[in-house]
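Source file: start-v8.txt (compact mmCIF, C-alpha atoms and all ligand atoms)
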```
# COMPACT_ATOMS: atom_id res chain seq x y z
CA MET A 1454 76.27 108.03 90.97
CA ASN A 1455 75.06 104.46 91.53
CA VAL A 1456 76.10 103.16 94.93
CA LEU A 1457 75.99 99.58 96.20
CA ILE A 1458 76.16 99.05 99.99
CA ILE A 1459 77.33 95.62 101.12
CA TYR A 1460 76.11 95.54 104.70
CA ALA A 1461 76.89 92.90 107.32
CA HIS A 1462 75.39 92.87 110.80
CA PRO A 1463 73.14 90.22 112.38
CA ASN A 1464 71.09 92.81 114.31
CA PRO A 1465 68.74 94.98 112.21
CA SER A 1466 68.61 97.61 114.99
CA SER A 1467 72.38 97.84 115.46
CA PHE A 1468 74.46 100.99 115.13
CA ASN A 1469 75.83 99.56 111.86
CA ALA A 1470 72.26 99.28 110.58
CA ALA A 1471 71.73 102.94 111.48
CA LEU A 1472 74.89 103.89 109.54
CA LYS A 1473 73.67 101.91 106.54
CA ASP A 1474 70.22 103.54 106.68
CA ALA A 1475 71.76 107.01 107.09
CA ALA A 1476 73.96 106.41 104.03
CA VAL A 1477 70.95 105.33 101.95
CA ASP A 1478 68.97 108.43 103.00
CA ALA A 1479 71.85 110.88 102.52
CA LEU A 1480 72.88 109.48 99.14
CA LYS A 1481 69.30 109.44 97.82
CA ALA A 1482 68.69 112.97 99.12
CA ASN A 1483 71.72 114.06 97.11
CA GLY A 1484 70.43 112.52 93.89
CA HIS A 1485 72.31 109.21 93.91
CA SER A 1486 70.78 105.77 93.42
CA VAL A 1487 71.45 103.08 96.02
CA ASP A 1488 71.30 99.28 96.08
CA VAL A 1489 71.78 97.41 99.37
CA SER A 1490 72.90 93.83 99.87
CA ASP A 1491 71.91 93.07 103.46
CA LEU A 1492 73.92 89.87 103.70
CA TYR A 1493 72.41 88.52 106.95
CA ALA A 1494 68.84 89.29 105.86
CA MET A 1495 69.57 87.61 102.51
CA LYS A 1496 71.15 84.65 104.33
CA PHE A 1497 73.98 85.09 101.86
CA ASP A 1498 76.01 81.88 101.58
CA PRO A 1499 79.65 82.91 102.11
CA VAL A 1500 81.18 79.55 101.19
CA PHE A 1501 83.08 79.40 97.90
CA LYS A 1502 82.57 75.95 96.38
CA ALA A 1503 82.60 73.84 93.21
CA GLU A 1504 78.76 73.95 93.06
CA ASP A 1505 79.02 77.69 92.30
CA TYR A 1506 79.80 76.60 88.72
CA THR A 1507 76.59 75.11 87.38
CA GLN A 1508 77.94 73.87 84.02
CA ARG A 1509 81.23 72.25 84.92
CA VAL A 1510 83.93 71.80 82.26
CA ASP A 1511 85.42 68.94 84.26
CA LYS A 1512 83.16 67.19 86.77
CA ASP A 1513 85.92 64.86 88.00
CA SER A 1514 88.57 67.34 88.99
CA PHE A 1515 87.90 70.86 90.26
CA HIS A 1516 90.14 73.60 88.87
CA PHE A 1517 88.58 76.82 90.07
CA TYR A 1518 90.21 79.13 87.51
CA ARG A 1519 89.19 77.06 84.47
CA GLU A 1520 85.66 76.59 85.82
CA ALA A 1521 85.34 80.29 86.66
CA LEU A 1522 86.39 81.42 83.18
CA HIS A 1523 83.91 78.96 81.65
CA ALA A 1524 81.14 80.11 83.99
CA HIS A 1525 81.85 83.69 82.96
CA GLU A 1526 81.70 82.83 79.25
CA THR A 1527 78.46 80.88 79.65
CA GLY A 1528 76.80 82.94 82.42
CA SER A 1529 76.66 79.82 84.55
CA TYR A 1530 77.70 81.03 87.99
CA ALA A 1531 75.22 80.18 90.78
CA SER A 1532 72.17 82.45 90.69
CA ASP A 1533 72.97 84.30 93.94
CA ILE A 1534 76.42 85.18 92.57
CA LEU A 1535 74.90 86.40 89.30
CA GLY A 1536 72.48 88.57 91.28
CA GLU A 1537 75.34 90.24 93.16
CA MET A 1538 77.36 90.66 89.95
CA LYS A 1539 74.42 92.54 88.39
CA LYS A 1540 74.45 94.93 91.35
CA VAL A 1541 78.22 95.40 91.02
CA ASP A 1542 77.80 96.04 87.28
CA ARG A 1543 75.40 98.90 88.06
CA ALA A 1544 77.60 100.40 90.80
CA ASP A 1545 80.08 103.25 90.44
CA LEU A 1546 80.90 102.96 94.14
CA ILE A 1547 80.73 99.95 96.48
CA ILE A 1548 80.53 100.66 100.22
CA PHE A 1549 81.22 97.86 102.70
CA GLN A 1550 79.51 98.55 106.05
CA PHE A 1551 80.54 96.27 108.92
CA PRO A 1552 81.79 95.97 112.53
CA ILE A 1553 85.38 94.83 113.07
CA TRP A 1554 85.44 91.22 114.22
CA PHE A 1555 88.76 89.77 115.33
CA SER A 1556 90.45 92.73 113.71
CA SER A 1557 89.05 91.95 110.27
CA TRP A 1558 85.79 91.94 108.33
CA PRO A 1559 83.05 89.46 109.31
CA ALA A 1560 83.30 86.12 107.49
CA ILE A 1561 80.13 86.86 105.51
CA ILE A 1562 81.89 89.85 103.89
CA LYS A 1563 84.97 87.77 103.08
CA GLY A 1564 82.69 85.14 101.56
CA TRP A 1565 80.91 87.75 99.44
CA ILE A 1566 84.29 88.84 98.05
CA ASP A 1567 85.41 85.21 97.51
CA ARG A 1568 82.25 84.34 95.59
CA VAL A 1569 81.48 87.57 93.70
CA PHE A 1570 84.93 88.76 92.64
CA GLN A 1571 85.29 85.69 90.44
CA ALA A 1572 88.01 84.97 87.91
CA GLY A 1573 86.69 85.95 84.49
CA TYR A 1574 84.35 88.52 86.02
CA ALA A 1575 86.59 90.62 88.30
CA PHE A 1576 90.10 89.56 87.24
CA ARG A 1577 92.14 87.22 85.10
CA TYR A 1578 95.76 86.29 85.66
CA ASP A 1579 96.58 88.65 82.78
CA ALA A 1580 94.18 91.36 84.05
CA MET A 1581 94.89 92.37 87.64
CA TYR A 1582 95.62 95.59 89.54
CA ASP A 1583 95.93 98.35 86.88
CA THR A 1584 94.07 96.18 84.38
CA GLY A 1585 91.65 94.53 86.84
CA LEU A 1586 88.25 93.96 85.27
CA LEU A 1587 86.34 96.20 87.73
CA LYS A 1588 88.48 99.22 86.78
CA GLY A 1589 86.51 102.47 86.79
CA LYS A 1590 84.61 101.63 89.99
CA LYS A 1591 85.45 102.80 93.51
CA VAL A 1592 85.23 101.16 96.93
CA LEU A 1593 84.93 102.53 100.46
CA LEU A 1594 85.09 100.77 103.83
CA SER A 1595 82.81 102.04 106.62
CA ILE A 1596 83.80 100.33 109.84
CA THR A 1597 83.05 100.36 113.55
CA THR A 1598 85.31 99.02 116.27
CA GLY A 1599 84.49 98.01 119.82
CA ALA A 1600 87.97 98.99 121.01
CA PRO A 1601 89.31 102.52 121.44
CA GLU A 1602 91.50 104.07 118.75
CA VAL A 1603 94.70 103.67 120.78
CA MET A 1604 94.42 99.87 120.54
CA TYR A 1605 94.51 100.23 116.75
CA SER A 1606 97.55 102.51 116.68
CA ASN A 1607 101.24 101.62 116.50
CA GLN A 1608 101.26 101.81 120.31
CA GLY A 1609 98.28 99.44 120.68
CA ASN A 1610 98.01 95.65 120.87
CA ALA A 1611 96.28 95.35 117.50
CA GLY A 1612 98.64 97.63 115.54
CA ASP A 1613 97.92 100.35 112.98
CA ILE A 1614 94.45 99.67 111.58
CA TYR A 1615 94.99 102.00 108.62
CA GLU A 1616 98.01 99.94 107.53
CA MET A 1617 96.01 96.72 107.98
CA LEU A 1618 93.18 98.14 105.84
CA ARG A 1619 95.66 99.35 103.22
CA ILE A 1620 96.99 95.81 102.80
CA LEU A 1621 93.51 94.20 102.86
CA SER A 1622 92.29 96.73 100.28
CA HIS A 1623 95.30 96.20 98.05
CA VAL A 1624 94.91 92.43 97.86
CA SER A 1625 91.09 92.34 97.77
CA PHE A 1626 90.09 95.50 95.85
CA GLU A 1627 93.02 96.99 93.96
CA VAL A 1628 93.74 93.52 92.58
CA VAL A 1629 90.40 93.63 90.71
CA GLY A 1630 90.97 97.21 89.54
CA LEU A 1631 88.87 99.07 92.12
CA GLU A 1632 89.96 102.53 93.26
CA VAL A 1633 90.11 102.55 97.06
CA LEU A 1634 88.73 105.66 98.77
CA PRO A 1635 89.85 106.62 102.30
CA PRO A 1636 88.06 104.43 104.90
CA HIS A 1637 85.64 105.81 107.49
CA LEU A 1638 86.19 104.47 110.99
CA ILE A 1639 84.23 104.95 114.19
CA PHE A 1640 86.21 103.72 117.18
CA ASP A 1641 85.14 102.74 120.68
CA VAL A 1642 81.54 102.01 119.70
CA ALA A 1643 81.19 99.45 122.52
CA SER A 1644 81.17 102.23 125.12
CA MET A 1645 79.41 104.84 122.99
CA ASP A 1646 76.23 106.53 124.25
CA ARG A 1647 73.34 107.43 121.99
CA GLU A 1648 74.21 111.11 121.94
CA ARG A 1649 77.66 110.43 120.49
CA GLY A 1650 76.05 107.86 118.17
CA ILE A 1651 73.77 110.51 116.68
CA ALA A 1652 76.75 112.86 116.19
CA GLU A 1653 78.79 110.07 114.56
CA ILE A 1654 75.96 109.32 112.13
CA GLU A 1655 75.90 113.00 111.08
CA ARG A 1656 79.71 112.98 110.71
CA TYR A 1657 79.49 109.87 108.49
CA LYS A 1658 76.79 111.42 106.29
CA ASP A 1659 78.95 114.53 105.76
CA PHE A 1660 82.00 112.36 104.99
CA LEU A 1661 80.06 110.28 102.47
CA ILE A 1662 78.53 113.19 100.61
CA ALA A 1663 81.97 114.82 100.37
CA MET A 1664 83.44 111.54 99.05
CA VAL A 1665 80.83 111.02 96.32
CA ALA A 1666 81.22 114.65 95.25
CA THR A 1667 84.94 114.11 94.41
C1 LIG B 1701 82.80 88.00 116.95
C2 LIG B 1701 83.18 89.39 117.39
C3 LIG B 1701 84.51 89.78 117.33
C4 LIG B 1701 84.86 91.09 117.66
N1 LIG B 1701 86.18 91.46 117.54
C5 LIG B 1701 86.53 92.76 117.75
C6 LIG B 1701 87.87 93.19 117.52
O1 LIG B 1701 88.75 92.43 117.13
N2 LIG B 1701 88.16 94.51 117.73
C7 LIG B 1701 87.22 95.40 118.16
O2 LIG B 1701 87.55 96.58 118.30
N3 LIG B 1701 85.94 95.00 118.39
C8 LIG B 1701 85.57 93.72 118.17
N4 LIG B 1701 84.27 93.33 118.37
C9 LIG B 1701 83.28 94.35 118.77
C10 LIG B 1701 82.54 94.96 117.56
O3 LIG B 1701 83.44 95.52 116.63
C11 LIG B 1701 81.57 96.03 118.05
O4 LIG B 1701 80.62 95.37 118.87
C12 LIG B 1701 80.86 96.74 116.91
O5 LIG B 1701 81.80 97.49 116.15
C13 LIG B 1701 79.80 97.68 117.43
O6 LIG B 1701 78.93 98.03 116.38
P1 LIG B 1701 77.36 97.64 116.47
O7 LIG B 1701 76.71 98.10 115.22
O8 LIG B 1701 77.23 96.21 116.84
O9 LIG B 1701 76.97 98.58 117.69
P2 LIG B 1701 75.69 98.39 118.68
O10 LIG B 1701 76.08 97.47 119.78
O11 LIG B 1701 74.47 98.08 117.93
O12 LIG B 1701 75.54 99.86 119.26
C14 LIG B 1701 76.57 100.45 120.02
C15 LIG B 1701 76.04 101.74 120.62
O13 LIG B 1701 75.71 102.63 119.55
C16 LIG B 1701 74.63 103.47 119.95
N5 LIG B 1701 73.57 103.36 118.95
C17 LIG B 1701 72.99 102.22 118.46
N6 LIG B 1701 72.06 102.53 117.54
C18 LIG B 1701 72.05 103.88 117.44
C19 LIG B 1701 71.30 104.80 116.67
N7 LIG B 1701 70.35 104.39 115.81
N8 LIG B 1701 71.56 106.12 116.80
C20 LIG B 1701 72.52 106.56 117.67
N9 LIG B 1701 73.26 105.73 118.43
C21 LIG B 1701 73.02 104.41 118.33
C22 LIG B 1701 74.12 102.99 121.30
O14 LIG B 1701 74.66 103.85 122.29
C23 LIG B 1701 74.74 101.60 121.41
O15 LIG B 1701 75.00 101.25 122.73
C24 LIG B 1701 83.88 92.03 118.08
C25 LIG B 1701 82.54 91.61 118.18
C26 LIG B 1701 82.20 90.32 117.83
C27 LIG B 1701 80.74 89.89 117.90
```
Let me see the file written as C-alpha cells.
Amino acid sequence: MNVLIIYAHPNPSSFNAALKDAAVDALKANGHSVDVSDLYAMKFDPVFKAEDYTQRVDKDSFHFYREALHAHETGSYASDILGEMKKVDRADLIIFQFPIWFSSWPAIIKGWIDRVFQAGYAFRYDAMYDTGLLKGKKVLLSITTGAPEVMYSNQGNAGDIYEMLRILSHVSFEVVGLEVLPPHLIFDVASMDRERGIAEIERYKDFLIAMVAT
C-alpha cells in the first residue's frame, strides 16, 4: 500500500513527530511505501486564494469553481498544490497526524484540505460523496489531545469528540469520495510521562498495521 502522511506540528521533537516517525518506520517495515508532507517544515501556505489558479479564465472577477475546473483541465494550479496532488494520486491511504487545537485540526491542515481538494481534482458538483473523485482511497486521522478523555465525552465541556470527527470527516473527506477509517486518539498528552508515551507509540503502531492489513 502507498501511504501519505500529512503531518502538522511546529516542533520537530514533539510527541506528534514521534508518532509520525513511528508510523513511517512501522509501515515501511511491513512492506508499504510512505510519503510525508511535513507542513511546517515545508512552510506550506494554507491560504486558499485566486493566485492558486495561474491561467485565469476571468481575471476581472473570481469564480473559484470555474477557475478550478479550468486549472484542472490545463494543469495550471499553483506548483505547491500540484506537488501535493501528485502525492495524493500515489496514495491508497492518507493519514493526517496532528494535535487538537481549539477542538479542531490546526489551521495548516485545514488550509491543505482547502487548497489540495480542489474542484475538478477532488470533486465536482455532479461528483461528490459516493461519486467523489478520490473514490478508492482511504483516510485516517491520528490525533493527540491535551485534555483528558472525559472532557471529550458527552459529559465533558467539549462534547463527544468521535461525533465531532464523524461530522468533520463527512464534510471534508467523504464529500470527495474518501473512505474514512476509524480515528486513532491519544488523550491527555499534556500530562503524559515518557513511559506512557513509549507505550502509546507502540499501541499506535499496532493499530496502524492492523488498519492497513484490512
Ligand atoms: C493553539 C493550541 C490550542 C490547543 N487547543 C486544545 C484543545 O482545544 N483541546 C485539547 O485537548 N488540547 C488543546 N491543546 C493542547 C494540544 O492538543 C497538546 O499540546 C498536544 O496534543 C500535545 O501533543 P504534542 O505532540 O505537542 O506533545 P508534546 O508536548 O511534544 O509531548 C507531550 C509529552 O509526550 C511525551 N513524549 C514526547 N516525545 C516523546 C517520545 N519521543 N517518546 C515518548 N514520549 C514522548 C513527553 O512525556 C511529553 O511531555 C492546544 C494547544 C495549542 C498550542
Quiz item: Which is closer to His1462 in chain A than all the others in A:Ala1479, A:Ile1534, A:Met1495, A:Leu1621, using all atoms listed in the file?
Solution: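 Smallest separation from His1462 in chain A among the options: A:Met1495.
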Exercise. Please write out the residues within 7 Å of ligand LIG 1701 (chain B) as a PyMOL selection string, counting all atoms listed in the file.
Key: chain A and resi 1462+1466-1471+1552-1557+1597-1601+1642-1651
Quiz item: What is the CA of Ser1625 in chain A to CA of Asp1511 in chain A distance in Å?
Solution: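 For CA of Ser1625 in chain A relative to CA of Asp1511 in chain A, the distance reads 27.6 Å.
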Exercise. Tell me which of A:His1516, A:Arg1656, A:Lys1496, A:His1637 sits closest to Gln1550 in chain A, counting all atoms listed in the file.
Key: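 That would be A:His1637, the residue with the smallest distance to Gln1550 in chain A.
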Quiz item: Which residue gives the smallest distance to Asp1478 in chain A among A:Leu1593, A:Val1456, A:Val1510, A:Ala1572, with only C-alpha atoms counted?
Solution: A:Val1456
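Relative to CA of Ala1544 in chain A, CA of Ala1476 in chain A is found at 15.0 Å.
Atom to atom, CA of Ala1503 in chain A and CA of Leu1522 in chain A stand 13.1 Å apart.
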Exercise. Please identify all polymer residues within 10 Å of Tyr1518 in chain A, counting only C-alpha atoms, omitting same-chain residues fewer than 4 positions from it, and present them as a PyMOL selection string.
Key: chain A and resi 1522-1524+1571-1573+1577-1578
Quiz item: Looking at A:Leu1586, A:Leu1472, A:Leu1618, A:Ala1482, which one is nearest to Tyr1574 in chain A, with distances taken over all atoms listed in the file?
Solution: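 Of A:Leu1586, A:Leu1472, A:Leu1618, A:Ala1482, the one nearest Tyr1574 in chain A is A:Leu1586, counting all atoms listed in the file.
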Practice problem: Quick one: everything within 9 Å of Leu1480 in chain A, counting all atoms listed in the file, minus sequence neighbours fewer than 4 positions away in the same chain. Send it as a ChimeraX atom specification. | Solution: /A:1454,1456,1475-1476,1484-1487,1658,1661-1662,1665
Calculate, to one decimal in Å, the centre and edge lengths of the box along x, y and z of the file that holds all listed atoms of range 1504-1510 of chain A with 8 Å of margin on each side, and present them as lines of an AutoDock Vina configuration file.
```
center_x = 80.3
center_y = 74.7
center_z = 87.7
size_x = 23.3
size_y = 21.9
size_z = 26.8
```
